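Participant: Sharing run.cif, mmCIF, C-alpha atoms and all ligand atoms:
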```
data_my_file
loop_
_atom_site.group_PDB
_atom_site.id
_atom_site.type_symbol
_atom_site.label_atom_id
_atom_site.label_comp_id
_atom_site.auth_asym_id
_atom_site.auth_seq_id
_atom_site.Cartn_x
_atom_site.Cartn_y
_atom_site.Cartn_z
ATOM 1 C CA MET A 1 -35.510 200.868 -63.614
ATOM 2 C CA ASN A 2 -38.495 198.629 -64.391
ATOM 3 C CA GLY A 3 -38.363 195.005 -65.597
ATOM 4 C CA VAL A 4 -38.827 195.745 -69.309
ATOM 5 C CA MET A 5 -36.137 198.435 -69.330
ATOM 6 C CA ARG A 6 -33.754 196.057 -67.513
ATOM 7 C CA LYS A 7 -34.528 193.224 -69.956
ATOM 8 C CA LEU A 8 -33.766 195.466 -72.942
ATOM 9 C CA GLY A 9 -30.742 197.093 -71.282
ATOM 10 C CA LYS A 10 -32.242 200.553 -71.611
ATOM 11 C CA LYS A 11 -32.309 203.638 -69.390
ATOM 12 C CA SER A 12 -34.495 205.715 -71.692
ATOM 13 C CA ILE A 13 -36.861 205.259 -74.611
ATOM 14 C CA SER A 14 -36.490 206.893 -77.999
ATOM 15 C CA VAL A 15 -39.324 208.185 -80.160
ATOM 16 C CA THR A 16 -38.167 205.646 -82.760
ATOM 17 C CA ASP A 17 -38.784 202.810 -80.242
ATOM 18 C CA ILE A 18 -42.365 203.912 -79.793
ATOM 19 C CA SER A 19 -42.981 204.349 -83.494
ATOM 20 C CA ALA A 20 -41.458 200.855 -84.083
ATOM 21 C CA GLN A 21 -43.945 199.445 -81.552
ATOM 22 C CA TYR A 22 -46.705 200.460 -83.937
ATOM 23 C CA TRP A 23 -45.131 198.356 -86.692
ATOM 24 C CA CYS A 24 -44.507 195.254 -84.588
ATOM 25 C CA GLU A 25 -43.829 195.448 -80.855
ATOM 26 C CA LYS A 26 -42.239 191.994 -80.815
ATOM 27 C CA LYS A 27 -39.811 192.940 -83.606
ATOM 28 C CA MET A 28 -38.816 196.096 -81.729
ATOM 29 C CA GLU A 29 -38.137 194.029 -78.593
ATOM 30 C CA LEU A 30 -36.210 191.291 -80.457
ATOM 31 C CA GLU A 31 -33.990 193.919 -82.066
ATOM 32 C CA TYR A 32 -32.908 195.053 -78.599
ATOM 33 C CA ILE A 33 -32.275 191.509 -77.447
ATOM 34 C CA TYR A 34 -30.577 190.081 -80.558
ATOM 35 C CA GLY A 35 -29.453 193.187 -82.477
ATOM 36 C CA SER A 36 -31.110 194.947 -85.361
ATOM 37 C CA SER A 37 -30.695 194.025 -88.995
ATOM 38 C CA GLN A 38 -31.657 196.739 -91.439
ATOM 39 C CA THR A 39 -32.883 195.866 -94.900
ATOM 40 C CA LYS A 40 -30.948 197.226 -97.903
ATOM 41 C CA ALA A 41 -33.671 199.848 -98.528
ATOM 42 C CA GLU A 42 -33.489 200.977 -94.870
ATOM 43 C CA LYS A 43 -29.695 201.350 -95.120
ATOM 44 C CA VAL A 44 -29.960 203.462 -98.293
ATOM 45 C CA GLY A 45 -32.722 205.566 -96.690
ATOM 46 C CA LYS A 46 -30.539 206.191 -93.623
ATOM 47 C CA LYS A 47 -27.579 207.223 -95.780
ATOM 48 C CA ILE A 48 -29.715 209.702 -97.746
ATOM 49 C CA HIS A 49 -31.111 211.072 -94.514
ATOM 50 C CA GLU A 50 -27.545 211.639 -93.260
ATOM 51 C CA LEU A 51 -26.582 213.372 -96.506
ATOM 52 C CA LEU A 52 -29.623 215.630 -96.253
ATOM 53 C CA GLU A 53 -28.740 216.347 -92.626
ATOM 54 C CA ASN A 54 -25.201 217.351 -93.588
ATOM 55 C CA LYS A 55 -26.509 219.538 -96.407
ATOM 56 C CA ILE A 56 -28.832 221.702 -94.333
ATOM 57 C CA ASN A 57 -27.972 221.065 -90.694
ATOM 58 C CA ILE A 58 -25.898 223.374 -88.523
ATOM 59 C CA GLN A 59 -22.345 222.034 -88.392
ATOM 60 C CA VAL A 60 -20.639 222.562 -85.065
ATOM 61 C CA ASP A 61 -16.891 222.093 -85.065
ATOM 62 C CA LEU A 62 -16.514 220.473 -81.639
ATOM 63 C CA GLU A 63 -15.073 217.024 -80.934
ATOM 64 C CA PRO A 64 -16.330 215.607 -77.625
ATOM 65 C CA LYS A 65 -13.833 213.647 -75.544
ATOM 66 C CA SER A 66 -16.202 212.507 -72.785
ATOM 67 C CA TYR A 67 -19.884 212.063 -71.997
ATOM 68 C CA ALA A 68 -19.993 215.588 -70.505
ATOM 69 C CA ASP A 69 -18.482 217.020 -73.714
ATOM 70 C CA PHE A 70 -21.046 215.091 -75.759
ATOM 71 C CA VAL A 71 -23.956 216.490 -73.690
ATOM 72 C CA TYR A 72 -22.549 220.000 -74.119
ATOM 73 C CA LYS A 73 -22.190 219.605 -77.893
ATOM 74 C CA THR A 74 -25.769 218.267 -78.187
ATOM 75 C CA LEU A 75 -27.197 221.201 -76.223
ATOM 76 C CA TYR A 76 -25.035 223.758 -77.993
ATOM 77 C CA THR A 77 -25.956 222.430 -81.455
ATOM 78 C CA ASN A 78 -29.624 222.540 -80.446
ATOM 79 C CA TYR A 79 -29.257 226.067 -79.132
ATOM 80 C CA ILE A 80 -27.680 227.221 -82.397
ATOM 81 C CA GLY A 81 -30.357 225.337 -84.365
ATOM 82 C CA ILE A 82 -33.212 227.030 -82.496
ATOM 83 C CA SER A 83 -31.481 230.433 -82.827
ATOM 84 C CA GLU A 84 -31.339 229.764 -86.580
ATOM 85 C CA LEU A 85 -35.050 228.937 -86.585
ATOM 86 C CA LEU A 86 -35.837 232.282 -84.952
ATOM 87 C CA LYS A 87 -33.560 234.098 -87.382
ATOM 88 C CA SER A 88 -34.155 232.425 -90.756
ATOM 89 C CA LYS A 89 -37.444 230.618 -89.982
ATOM 90 C CA LYS A 90 -36.078 227.136 -90.648
ATOM 91 C CA THR A 91 -33.860 224.548 -88.979
ATOM 92 C CA ARG A 92 -33.159 220.805 -89.127
ATOM 93 C CA GLU A 93 -32.311 217.952 -86.778
ATOM 94 C CA VAL A 94 -33.251 219.299 -83.372
ATOM 95 C CA ASN A 95 -32.741 216.907 -80.441
ATOM 96 C CA ILE A 96 -35.717 216.799 -78.152
ATOM 97 C CA PHE A 97 -36.146 215.547 -74.584
ATOM 98 C CA GLY A 98 -39.074 214.638 -72.362
ATOM 99 C CA ARG A 99 -40.719 211.862 -70.385
ATOM 100 C CA ILE A 100 -43.662 209.510 -70.787
ATOM 101 C CA GLY A 101 -45.106 207.770 -67.775
ATOM 102 C CA GLY A 102 -42.045 208.831 -65.768
ATOM 103 C CA ILE A 103 -39.621 207.242 -68.287
ATOM 104 C CA SER A 104 -37.043 209.428 -69.994
ATOM 105 C CA LEU A 105 -37.812 209.946 -73.690
ATOM 106 C CA ARG A 106 -35.618 211.395 -76.430
ATOM 107 C CA GLY A 107 -35.932 212.049 -80.140
ATOM 108 C CA LYS A 108 -34.750 214.163 -83.033
ATOM 109 C CA ILE A 109 -37.143 216.407 -84.937
ATOM 110 C CA ASP A 110 -36.346 216.348 -88.614
ATOM 111 C CA GLN A 111 -37.344 219.874 -89.544
ATOM 112 C CA LEU A 112 -38.912 222.911 -87.927
ATOM 113 C CA HIS A 113 -40.037 226.010 -89.706
ATOM 114 C CA MET A 114 -41.892 229.134 -88.755
ATOM 115 C CA LYS A 115 -44.988 230.387 -90.539
ATOM 116 C CA ASP A 116 -47.455 233.067 -89.389
ATOM 117 C CA ASN A 117 -45.625 233.207 -86.060
ATOM 118 C CA ALA A 118 -46.165 229.507 -85.317
ATOM 119 C CA ILE A 119 -43.654 226.638 -85.299
ATOM 120 C CA ILE A 120 -44.447 223.802 -87.687
ATOM 121 C CA ILE A 121 -43.045 220.269 -87.409
ATOM 122 C CA LEU A 122 -42.123 218.422 -90.595
ATOM 123 C CA GLU A 123 -40.806 214.867 -90.937
ATOM 124 C CA ASN A 124 -39.006 213.782 -94.129
ATOM 125 C CA LYS A 125 -39.215 210.156 -95.217
ATOM 126 C CA THR A 126 -37.761 208.435 -98.252
ATOM 127 C CA LYS A 127 -39.097 205.546 -100.343
ATOM 128 C CA THR A 128 -37.554 203.357 -103.015
ATOM 129 C CA LYS A 129 -40.578 203.657 -105.343
ATOM 130 C CA ASP A 130 -42.855 206.553 -106.281
ATOM 131 C CA GLU A 131 -45.701 205.069 -104.256
ATOM 132 C CA PRO A 132 -47.381 206.549 -101.209
ATOM 133 C CA PRO A 133 -46.736 204.669 -97.935
ATOM 134 C CA TYR A 134 -48.889 201.800 -96.684
ATOM 135 C CA ALA A 135 -51.315 202.835 -93.950
ATOM 136 C CA ALA A 136 -49.225 200.805 -91.468
ATOM 137 C CA GLN A 137 -46.074 202.738 -92.431
ATOM 138 C CA LEU A 138 -47.844 206.059 -92.233
ATOM 139 C CA LEU A 139 -49.096 205.215 -88.736
ATOM 140 C CA THR A 140 -45.549 204.716 -87.399
ATOM 141 C CA HIS A 141 -44.514 208.104 -88.806
ATOM 142 C CA ARG A 142 -47.667 209.740 -87.490
ATOM 143 C CA VAL A 143 -46.803 208.464 -83.993
ATOM 144 C CA GLN A 144 -43.370 210.060 -84.368
ATOM 145 C CA VAL A 145 -44.605 213.564 -85.180
ATOM 146 C CA ILE A 146 -47.340 213.427 -82.522
ATOM 147 C CA LEU A 147 -44.651 212.686 -79.937
ATOM 148 C CA TYR A 148 -42.416 215.477 -81.230
ATOM 149 C CA LYS A 149 -45.217 217.992 -80.919
ATOM 150 C CA LYS A 150 -46.014 216.897 -77.334
ATOM 151 C CA MET A 151 -42.347 216.883 -76.288
ATOM 152 C CA LEU A 152 -41.717 220.327 -77.758
ATOM 153 C CA GLU A 153 -44.837 221.618 -76.032
ATOM 154 C CA ASP A 154 -43.731 220.082 -72.703
ATOM 155 C CA LEU A 155 -40.312 221.744 -72.997
ATOM 156 C CA LYS A 156 -41.819 225.098 -73.893
ATOM 157 C CA SER A 157 -44.381 225.011 -71.076
ATOM 158 C CA GLU A 158 -41.807 223.590 -68.599
ATOM 159 C CA LYS A 159 -43.766 220.416 -67.959
ATOM 160 C CA TYR A 160 -40.404 218.853 -68.676
ATOM 161 C CA THR A 161 -38.093 220.925 -66.505
ATOM 162 C CA ILE A 162 -34.401 221.678 -66.438
ATOM 163 C CA ASP A 163 -34.091 219.605 -63.225
ATOM 164 C CA MET A 164 -35.742 216.631 -64.897
ATOM 165 C CA PHE A 165 -33.148 216.923 -67.671
ATOM 166 C CA ARG A 166 -30.335 217.077 -65.089
ATOM 167 C CA ASP A 167 -31.667 213.878 -63.469
ATOM 168 C CA ASP A 168 -32.346 212.035 -66.733
ATOM 169 C CA TYR A 169 -28.886 212.741 -68.159
ATOM 170 C CA TRP A 170 -26.890 212.576 -64.867
ATOM 171 C CA ILE A 171 -25.233 215.916 -65.474
ATOM 172 C CA LYS A 172 -25.327 217.367 -61.963
ATOM 173 C CA ASN A 173 -21.637 216.863 -61.215
ATOM 174 C CA LEU A 174 -20.181 216.623 -64.699
ATOM 175 C CA SER A 175 -17.355 218.781 -65.995
ATOM 176 C CA LEU A 176 -15.976 219.246 -69.474
ATOM 177 C CA THR A 177 -12.533 217.957 -70.409
ATOM 178 C CA ARG A 178 -9.706 220.509 -70.622
ATOM 179 C CA GLU A 179 -9.204 219.732 -74.329
ATOM 180 C CA PHE A 180 -12.884 220.347 -75.081
ATOM 181 C CA GLU A 181 -12.837 223.626 -73.139
ATOM 182 C CA GLN A 182 -9.953 224.728 -75.372
ATOM 183 C CA GLN A 183 -12.015 223.889 -78.472
ATOM 184 C CA ILE A 184 -14.900 225.966 -77.062
ATOM 185 C CA SER A 185 -12.656 228.920 -76.424
ATOM 186 C CA MET A 186 -11.207 228.697 -79.980
ATOM 187 C CA LEU A 187 -14.762 228.981 -81.375
ATOM 188 C CA ASN A 188 -15.259 232.205 -79.402
ATOM 189 C CA ILE A 189 -18.449 230.900 -77.840
ATOM 190 C CA PRO A 190 -19.842 233.569 -75.452
ATOM 191 C CA SER A 191 -18.699 233.101 -71.836
ATOM 192 C CA ASN A 192 -22.247 232.646 -70.460
ATOM 193 C CA ILE A 193 -22.722 229.451 -72.497
ATOM 194 C CA ARG A 194 -19.274 227.932 -72.118
ATOM 195 C CA GLY A 195 -20.200 225.469 -69.351
ATOM 196 C CA ILE A 196 -22.839 222.703 -69.278
ATOM 197 C CA ASP A 197 -25.088 224.604 -66.873
ATOM 198 C CA GLY A 198 -24.903 227.814 -68.926
ATOM 199 C CA ILE A 199 -25.773 226.117 -72.213
ATOM 200 C CA LEU A 200 -28.512 224.067 -70.521
ATOM 201 C CA LYS A 201 -30.213 227.182 -69.112
ATOM 202 C CA ASN A 202 -29.924 228.991 -72.442
ATOM 203 C CA PHE A 203 -31.293 226.018 -74.376
ATOM 204 C CA PHE A 204 -34.335 225.790 -72.065
ATOM 205 C CA ASN A 205 -34.818 229.571 -72.230
ATOM 206 C CA ILE A 206 -34.698 229.735 -76.011
ATOM 207 C CA ILE A 207 -37.260 226.899 -76.287
ATOM 208 C CA LYS A 208 -39.512 228.803 -73.871
ATOM 209 C CA SER A 209 -39.213 231.897 -76.071
ATOM 210 C CA LEU A 210 -40.546 230.088 -79.156
ATOM 211 C CA PRO A 211 -43.909 231.176 -80.543
ATOM 212 C CA GLU A 212 -46.873 228.787 -80.459
ATOM 213 C CA ILE A 213 -46.214 225.217 -81.656
ATOM 214 C CA SER A 214 -48.746 224.597 -84.402
ATOM 215 C CA ASN A 215 -51.185 221.674 -84.153
ATOM 216 C CA THR A 216 -50.719 221.235 -87.890
ATOM 217 C CA MET A 217 -47.795 218.977 -88.781
ATOM 218 C CA TYR A 218 -46.496 217.465 -92.017
ATOM 219 C CA ILE A 219 -44.929 214.210 -93.202
ATOM 220 C CA ARG A 220 -43.230 214.416 -96.590
ATOM 221 C CA TYR A 221 -42.390 211.283 -98.614
ATOM 222 C CA SER A 222 -39.867 211.559 -101.408
ATOM 223 C CA ASN A 223 -38.072 209.144 -103.732
ATOM 224 C CA GLN A 224 -34.733 208.306 -102.158
ATOM 225 C CA PHE A 225 -32.927 208.184 -105.500
ATOM 226 C CA THR A 226 -34.469 211.120 -107.374
ATOM 227 C CA GLU A 227 -35.607 213.178 -104.325
ATOM 228 C CA LYS A 228 -38.910 213.686 -106.176
ATOM 229 C CA LEU A 229 -41.848 214.439 -103.884
ATOM 230 C CA ILE A 230 -44.210 211.447 -103.666
ATOM 231 C CA LYS A 231 -46.777 212.743 -101.221
ATOM 232 C CA MET A 232 -47.136 215.263 -98.414
ATOM 233 C CA TYR A 233 -49.511 214.468 -95.531
ATOM 234 C CA LYS A 234 -50.999 217.166 -93.323
ATOM 235 C CA LEU A 235 -51.870 216.019 -89.784
ATOM 236 C CA ASN A 236 -53.689 217.617 -86.921
ATOM 237 C CA TYR A 237 -52.470 217.044 -83.344
ATOM 238 C CA THR A 238 -55.007 216.298 -80.609
ATOM 239 C CA ASP A 239 -54.364 215.452 -76.953
ATOM 240 C CA LYS A 240 -56.987 212.700 -77.248
ATOM 241 C CA GLU A 241 -55.025 210.847 -79.947
ATOM 242 C CA TYR A 242 -51.756 211.321 -78.040
ATOM 243 C CA ASP A 243 -53.322 209.894 -74.849
ATOM 244 C CA GLU A 244 -54.746 206.889 -76.695
ATOM 245 C CA LEU A 245 -51.453 206.115 -78.425
ATOM 246 C CA MET A 246 -49.408 206.435 -75.242
ATOM 247 C CA SER A 247 -51.830 204.450 -73.120
ATOM 248 C CA TYR A 248 -51.346 201.480 -75.500
ATOM 249 C CA SER A 249 -47.592 202.020 -75.633
ATOM 250 C CA LEU A 250 -47.011 202.364 -71.901
ATOM 251 C CA LYS A 251 -48.764 199.093 -71.088
ATOM 252 C CA TYR A 252 -45.748 197.407 -72.653
ATOM 253 C CA TRP A 253 -43.073 199.710 -71.198
ATOM 254 C CA ASN A 254 -44.617 199.459 -67.712
ATOM 255 C CA GLY A 255 -44.565 195.664 -67.924
ATOM 256 C CA LEU A 256 -48.361 195.280 -67.888
ATOM 257 C CA ARG A 257 -48.259 193.013 -70.944
ATOM 258 C CA GLU A 258 -45.761 191.012 -73.014
ATOM 259 C CA ALA A 259 -44.629 192.359 -76.399
ATOM 260 C CA LEU A 260 -47.375 191.769 -78.963
ATOM 261 C CA THR A 261 -46.809 190.180 -82.345
ATOM 262 C CA VAL A 262 -48.655 191.493 -85.401
ATOM 263 C CA PRO A 263 -52.323 190.452 -85.723
ATOM 264 C CA GLU A 264 -53.381 187.902 -88.341
ATOM 265 C CA ASN A 265 -54.412 190.520 -90.905
ATOM 266 C CA GLU A 266 -50.901 192.047 -90.759
ATOM 267 C CA GLN A 267 -48.947 188.815 -91.290
ATOM 268 C CA TRP A 268 -47.555 190.337 -94.490
ATOM 269 C CA LYS A 269 -45.178 192.386 -92.309
ATOM 270 C CA CYS A 270 -43.415 189.166 -91.245
ATOM 271 C CA LYS A 271 -42.006 188.699 -94.762
ATOM 272 C CA PHE A 272 -39.923 191.843 -94.186
ATOM 273 C CA CYS A 273 -38.728 190.686 -90.750
ATOM 274 C CA SER A 274 -35.371 188.996 -90.173
ATOM 275 C CA PHE A 275 -36.756 187.169 -87.091
ATOM 276 C CA PHE A 276 -39.464 185.424 -89.117
ATOM 277 C CA GLY A 277 -39.108 181.656 -88.786
ATOM 278 C CA ASN A 278 -36.240 181.789 -86.299
ATOM 279 C CA LYS A 279 -36.720 183.960 -83.204
ATOM 280 C CA CYS A 280 -40.418 184.463 -83.994
ATOM 281 C CA LYS A 281 -42.587 181.686 -85.401
ATOM 282 C CA VAL A 282 -46.001 183.050 -84.508
ATOM 283 C CA TRP A 283 -47.137 183.206 -88.145
ATOM 284 C CA TYR A 284 -44.616 180.698 -89.521
ATOM 285 C CA THR A 285 -46.226 177.645 -91.107
ATOM 286 C CA SER A 286 -45.151 174.784 -93.365
ATOM 287 C CA ASP A 287 -46.356 176.915 -96.327
ATOM 288 C CA ASN A 288 -43.653 179.450 -95.504
ATOM 289 C CA ILE A 289 -40.989 176.745 -95.626
ATOM 290 C CA LYS A 290 -41.972 175.764 -99.199
ATOM 291 C CA THR A 291 -41.885 179.349 -100.513
HETATM 292 S S1 LIG B 1 -42.027 187.637 -87.541
HETATM 293 FE FE1 LIG B 1 -43.820 188.999 -87.669
HETATM 294 S S2 LIG B 1 -44.778 188.927 -85.656
HETATM 295 FE FE2 LIG B 1 -42.714 188.081 -85.445
HETATM 296 S S3 LIG B 1 -41.429 189.780 -84.836
HETATM 297 FE FE3 LIG B 1 -41.323 189.709 -87.049
HETATM 298 S S4 LIG B 1 -42.933 191.065 -87.814
HETATM 299 FE FE4 LIG B 1 -43.359 190.656 -85.653
#
```
Let me see the structure of the file written as structure tokens.
Ligand code: SF4
Facilitator:
Amino acid sequence: MNGVMRKLGKKSISVTDISAQYWCEKKMELEYIYGSSQTKAEKVGKKIHELLENKINIQVDLEPKSYADFVYKTLYTNYIGISELLKSKKTREVNIFGRIGGISLRGKIDQLHMKDNAIIILENKTKTKDEPPYAAQLLTHRVQVILYKKMLEDLKSEKYTIDMFRDDYWIKNLSLTREFEQQISMLNIPSNIRGIDGILKNFFNIIKSLPEISNTMYIRYSNQFTEKLIKMYKLNYTDKEYDELMSYSLKYWNGLREALTVPENEQWKCKFCSFFGNKCKVWYTSDNIKT
């Protein structure tokens, strides 16, 4: 584990961490050190996202009792989700795994659908007002979908292998609890996917069987109260953009530089930050105290 990962108490990075870096790297780091504090709008957005997830997502009636059970349930739910995508051309909330610069990376793709025999990634975002996102907001979401596309591609092409997954999630010698095995047998899950290794192989195989992952991706913004569509952005994936984004990102994660604060022309972000004026005073002046 490198110095930054140790400092933040992390063994892996999430796609959300990287997208948060593109808002303010310092804020992302402080949230790990001192705990995160969501704004009211963020809490409402999260709740709506969960409701949407429950409405469309595949519900799997399994209650994990241990880490091994939890890994199984995650893989099984993903397997069912991808099977659904192949069958009905649409699925939601697919967990995704990979690595950047040798560090384990995980994320959750909001929505996948199939069109003209290609898989299309779509990210749903909510807003409190019927206004399109700021460019800075859009960038963080763009980073997210670019990573999803690359991770899905790496899984499909086996750049991220089943053995890498076994190492990253320490599952080599894990076994399911007896109680969880009973739940699996009550669901009549086929015998070849009843153990961790069986479901892992089948999950990797079904990802490999997917048609081409489209370079075209979408981010959809809707009003979190009315669900009205605000704006849909169409993006095009390129390896060049991915490499540029990750090269910036990895300098921090590899400990080659300290966490950066926002530049002067983005000071406005500090007004939305709970660390402003306490844990971070980089743009805090006497004028801020008066207001
Ligand atoms: S106060 Fe501003 S610069 Fe400091 S962590 Fe928050 S957003 Fe970043």
Participant: Determine, for each residue of chain A having at least one atom at most 6 Å from an atom of ligand LIG 1 (chain B), the closest pair of atoms and their separation in Å to one decimal, counting only C-alpha atoms and all ligand atoms; order by chain and ascending number, as CSV.
Facilitator:
```
residue,atom,partner,partner_atom,distance
A:Cys24,CA,B:LIG1,FE4,4.9
A:Lys26,CA,B:LIG1,S3,4.7
A:Lys27,CA,B:LIG1,S3,3.8
A:Thr261,CA,B:LIG1,S2,4.1
A:Val262,CA,B:LIG1,S2,4.7
A:Lys269,CA,B:LIG1,S4,5.2
A:Cys270,CA,B:LIG1,FE1,3.6
A:Cys273,CA,B:LIG1,FE3,4.6
A:Phe275,CA,B:LIG1,FE3,5.2
A:Phe276,CA,B:LIG1,S1,3.7
A:Cys280,CA,B:LIG1,FE2,4.5
```
Participant: Can you pull out the residues contacting Lys11 (chain A)? Cut-off 9 Å, using all atoms listed in the file, and skip same-chain residues under 5 positions away; I want them as a ChimeraX atom specification.
Facilitator: /A:1,5-6,103-104,168
Participant: Fewer than 2 positions away in the same chain doesn't count, so skip those; otherwise give me all residues within 12 Å of region 264-268 of chain A, counting all atoms listed in the file, as an NGL selection string.
Facilitator: :A and (22-24 or 134-137 or 260-262 or 270-273 or 276 or 281-285 or 288)
Participant: Which residues, named as in the file, does the PyMOL selection byres (((chain A and resi 125) around 9) and not hetatm) pick out? Answer as a list in words.
Facilitator: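 On the file shown, the PyMOL selection byres (((chain A and resi 125) around 9) and not hetatm) covers Gly45, His49, Glu123, Asn124, Thr126, Lys127, His141, Ile219, Arg220, Tyr221, Ser222, Asn223 and Gln224 of chain A.
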Participant: Output C-alpha atoms of each residue in that selection to a file, as a PDB file, in the frame of the given file.
Facilitator:
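Below is the file that was written, result10.pdb:
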```
ATOM      1  CA  GLY A  45     -32.722 205.566 -96.690  1.00  0.00           C
ATOM      2  CA  HIS A  49     -31.111 211.072 -94.514  1.00  0.00           C
ATOM      3  CA  GLU A 123     -40.806 214.867 -90.937  1.00  0.00           C
ATOM      4  CA  ASN A 124     -39.006 213.782 -94.129  1.00  0.00           C
ATOM      5  CA  THR A 126     -37.761 208.435 -98.252  1.00  0.00           C
ATOM      6  CA  LYS A 127     -39.097 205.546-100.343  1.00  0.00           C
ATOM      7  CA  HIS A 141     -44.514 208.104 -88.806  1.00  0.00           C
ATOM      8  CA  ILE A 219     -44.929 214.210 -93.202  1.00  0.00           C
ATOM      9  CA  ARG A 220     -43.230 214.416 -96.590  1.00  0.00           C
ATOM     10  CA  TYR A 221     -42.390 211.283 -98.614  1.00  0.00           C
ATOM     11  CA  SER A 222     -39.867 211.559-101.408  1.00  0.00           C
ATOM     12  CA  ASN A 223     -38.072 209.144-103.732  1.00  0.00           C
ATOM     13  CA  GLN A 224     -34.733 208.306-102.158  1.00  0.00           C
TER      14      GLN A 224
END
```
Participant: Give me the residues near Ile171 (chain A) as a tab-separated table (two decimals) with C-alpha atoms, in the frame of the given file, where near means some atom within 12 Å (using only C-alpha atoms) and where sequence neighbours in that chain fewer than 2 positions away do not count.
Facilitator:
```tsv
chain	number	residue	atom	x	y	z
A	67	TYR	CA	-19.88	212.06	-72.00
A	68	ALA	CA	-19.99	215.59	-70.50
A	69	ASP	CA	-18.48	217.02	-73.71
A	70	PHE	CA	-21.05	215.09	-75.76
A	71	VAL	CA	-23.96	216.49	-73.69
A	72	TYR	CA	-22.55	220.00	-74.12
A	162	ILE	CA	-34.40	221.68	-66.44
A	163	ASP	CA	-34.09	219.60	-63.22
A	164	MET	CA	-35.74	216.63	-64.90
A	165	PHE	CA	-33.15	216.92	-67.67
A	166	ARG	CA	-30.34	217.08	-65.09
A	167	ASP	CA	-31.67	213.88	-63.47
A	168	ASP	CA	-32.35	212.04	-66.73
A	169	TYR	CA	-28.89	212.74	-68.16
A	173	ASN	CA	-21.64	216.86	-61.22
A	174	LEU	CA	-20.18	216.62	-64.70
A	175	SER	CA	-17.36	218.78	-66.00
A	176	LEU	CA	-15.98	219.25	-69.47
A	195	GLY	CA	-20.20	225.47	-69.35
A	196	ILE	CA	-22.84	222.70	-69.28
A	197	ASP	CA	-25.09	224.60	-66.87
A	200	LEU	CA	-28.51	224.07	-70.52
```
Participant: Return the single residue from A:Leu75, A:Pro133, A:Asp287, A:Lys279 that is closest to Glu29 (chain A), with distances computed using all atoms listed in the file.
Facilitator: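 Using all atoms listed in the file, Glu29 (chain A) sits closest to A:Lys279.
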Participant: For the file shown, report as a VMD selection string the outcome of the PyMOL selection byres (((chain A and resi 146) around 10) and not hetatm) at residue level.
Facilitator: chain A and resid 15 121 141 to 145 147 to 151 215 217 235 to 239 241 to 242 245
Participant: As an exercise, work out the distance from CA of Glu227 (chain A) to CA of Arg92 (chain A) in Å and give it to one decimal place.
Facilitator: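 Atom-to-atom, CA of Glu227 (chain A) to CA of Arg92 (chain A), that is 17.2 Å.
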Participant: Please measure the separation of CA of Trp253 (chain A) and CA of Ala20 (chain A), giving the value in Å to one decimal.
Facilitator: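 These atoms are spaced 13.0 Å apart.
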Participant: Can you tell me, as a PyMOL selection string, what residues are no more than 9 Å from Ile33 (chain A) when counting all atoms listed in the file, ignoring any on the same chain fewer than 5 positions away?
Facilitator: chain A and resi 7-9
Participant: Smallest atom-to-atom distance to Pro211 (chain A): which of A:Ile193, A:Leu62, A:Leu139, A:Ala118, using only C-alpha atoms?
Facilitator: A:Ala118
Participant: To one decimal place in Å, what is the distance between CA of Asn2 (chain A) and CA of Gly98 (chain A)?
Facilitator: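 These two atoms are separated by 17.9 Å.
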Participant: Considering all atoms listed in the file, return as a PyMOL selection string whatever protein or nucleic-acid residues lie within 8 Å of Ile82 (chain A), sequence-local ones (same chain, fewer than 3 positions apart) excluded.
Facilitator: chain A and resi 78-79+85-86+91+94+206-207
Participant: Using all atoms listed in the file, which of the listed residues (A:Met186, A:Phe203, A:Asn95, A:Lys208) sits closest to Lys156 (chain A)?
Facilitator: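 Smallest distance to Lys156 (chain A) is found for A:Lys208.
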Participant: Nearest to Ile120 (chain A) among A:Leu152, A:Leu256, A:Leu138, A:Met28, with distances taken over only C-alpha atoms: which residue is it?
Facilitator: A:Leu152
Participant: Given the file above and the PyMOL selection byres (((chain A and resi 117) around 10) and not hetatm), which residues are selected, and can you give them as a ChimeraX atom specification?
Facilitator: /A:86,89,113-116,118-120,210-214
Participant: (-23.7, 221.7, -84.0) in this file's frame - what residues fall within 9 Å of it? Use all atoms listed in the file and give the answer as a PyMOL selection string.
Facilitator: chain A and resi 57-62+73-81
Participant: Of the candidates A:Thr226, A:Lys108, A:Ser12, A:Thr140, which one gets nearest to Glu25 (chain A) if we count all atoms listed in the file?
Facilitator: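 When distances to Glu25 (chain A) are compared using all atoms listed in the file, the smallest one comes from A:Thr140.
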Participant: With all atoms listed in the file as the basis for distance, which of A:Ile184, A:Asp243, A:Gly102, A:Lys10 is at the shortest distance from Lys159 (chain A)?
Facilitator: A:Gly102
